[in-house]
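Student: Here it is, the structure, as C-alpha coordinates.
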Amino acid sequence: MRKGLLRRFGERASDPVVRQRLENELTVIHQMGFDTYFLIVWDLCKYAQEQGIWYNAAALPQGRS
(Lines give C-alpha, C1' and ligand atoms only; values in the text may rest on other atoms or scores of the structure.)
Protein backbone atom coordinates (compact mmCIF):
# COMPACT_ATOMS: atom_id res chain seq x y z
CA MET A 1 0.00 0.00 0.00
CA ARG A 2 2.74 2.48 0.89
CA LYS A 3 4.68 1.52 -2.24
CA GLY A 4 1.56 2.19 -4.28
CA LEU A 5 1.19 5.59 -2.65
CA LEU A 6 4.79 6.42 -3.55
CA ARG A 7 4.34 5.12 -7.10
CA ARG A 8 1.14 7.12 -7.61
CA PHE A 9 2.08 10.38 -5.89
CA GLY A 10 5.89 10.38 -6.07
CA GLU A 11 7.41 13.08 -3.89
CA ARG A 12 3.94 14.14 -2.72
CA ALA A 13 3.48 10.75 -0.98
CA SER A 14 4.78 12.21 2.27
CA ASP A 15 2.47 15.24 2.04
CA PRO A 16 0.18 15.26 5.11
CA VAL A 17 -2.85 15.96 2.89
CA VAL A 18 -2.14 12.89 0.75
CA ARG A 19 -1.51 10.75 3.86
CA GLN A 20 -4.75 11.94 5.46
CA ARG A 21 -6.69 11.12 2.29
CA LEU A 22 -5.24 7.61 2.31
CA GLU A 23 -6.14 7.10 5.97
CA ASN A 24 -9.69 8.40 5.38
CA GLU A 25 -10.23 6.08 2.42
CA LEU A 26 -8.85 3.06 4.29
CA THR A 27 -11.09 3.86 7.26
CA VAL A 28 -14.19 3.97 5.03
CA ILE A 29 -13.22 0.67 3.36
CA HIS A 30 -12.79 -0.94 6.78
CA GLN A 31 -15.99 0.51 8.25
CA MET A 32 -17.98 -0.82 5.30
CA GLY A 33 -16.45 -4.28 5.74
CA PHE A 34 -14.75 -4.37 2.34
CA ASP A 35 -11.20 -5.13 3.56
CA THR A 36 -11.26 -8.74 2.36
CA TYR A 37 -12.95 -7.84 -0.92
CA PHE A 38 -10.20 -5.37 -1.82
CA LEU A 39 -7.48 -7.90 -0.95
CA ILE A 40 -9.11 -10.59 -3.12
CA VAL A 41 -9.52 -8.21 -6.06
CA TRP A 42 -5.90 -7.10 -5.67
CA ASP A 43 -4.71 -10.72 -5.72
CA LEU A 44 -6.78 -11.50 -8.82
CA CYS A 45 -5.54 -8.41 -10.68
CA LYS A 46 -1.94 -9.11 -9.72
CA TYR A 47 -2.22 -12.71 -10.89
CA ALA A 48 -3.81 -11.66 -14.19
CA GLN A 49 -1.09 -9.10 -14.78
CA GLU A 50 1.68 -11.63 -14.04
CA GLN A 51 0.09 -14.14 -16.42
CA GLY A 52 -0.49 -11.63 -19.21
CA ILE A 53 -4.26 -11.94 -18.86
CA TRP A 54 -6.24 -8.83 -19.80
CA TYR A 55 -8.44 -7.46 -17.03
CA ASN A 56 -10.29 -4.25 -16.25
CA ALA A 57 -10.61 -3.32 -12.60
CA ALA A 58 -12.19 0.09 -13.26
CA ALA A 59 -15.49 0.79 -11.53
CA LEU A 60 -18.57 1.94 -13.40
CA PRO A 61 -19.62 5.57 -12.99
CA GLN A 62 -22.24 6.24 -10.33
CA GLY A 63 -25.76 5.54 -11.39
CA ARG A 64 -24.79 3.02 -14.08
CA SER A 65 -24.77 -0.73 -13.87
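Note on naming: chains are A, B, ... as they come in the C-alpha coordinates, residues start from 1 per chain, ligands start from 1 in the order shown.
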Check the DSSP output for the backbone and give back, as an NGL selection string, the residues of chain A in alpha helix (DSSP H).
Tutor: :A and (2-9 or 16-31 or 35-51)
Student: Please report the interatomic distance between CA of Arg8 in chain A and CA of Leu22 in chain A in Å with one decimal.
Tutor: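 CA of Leu22 in chain A lies 11.8 Å from CA of Arg8 in chain A.
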Student: Suppose you want the space between CA of Gly10 in chain A and CA of Ile53 in chain A; what is it in Å?
Tutor: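 CA of Ile53 in chain A lies at a distance of 27.7 Å from CA of Gly10 in chain A.
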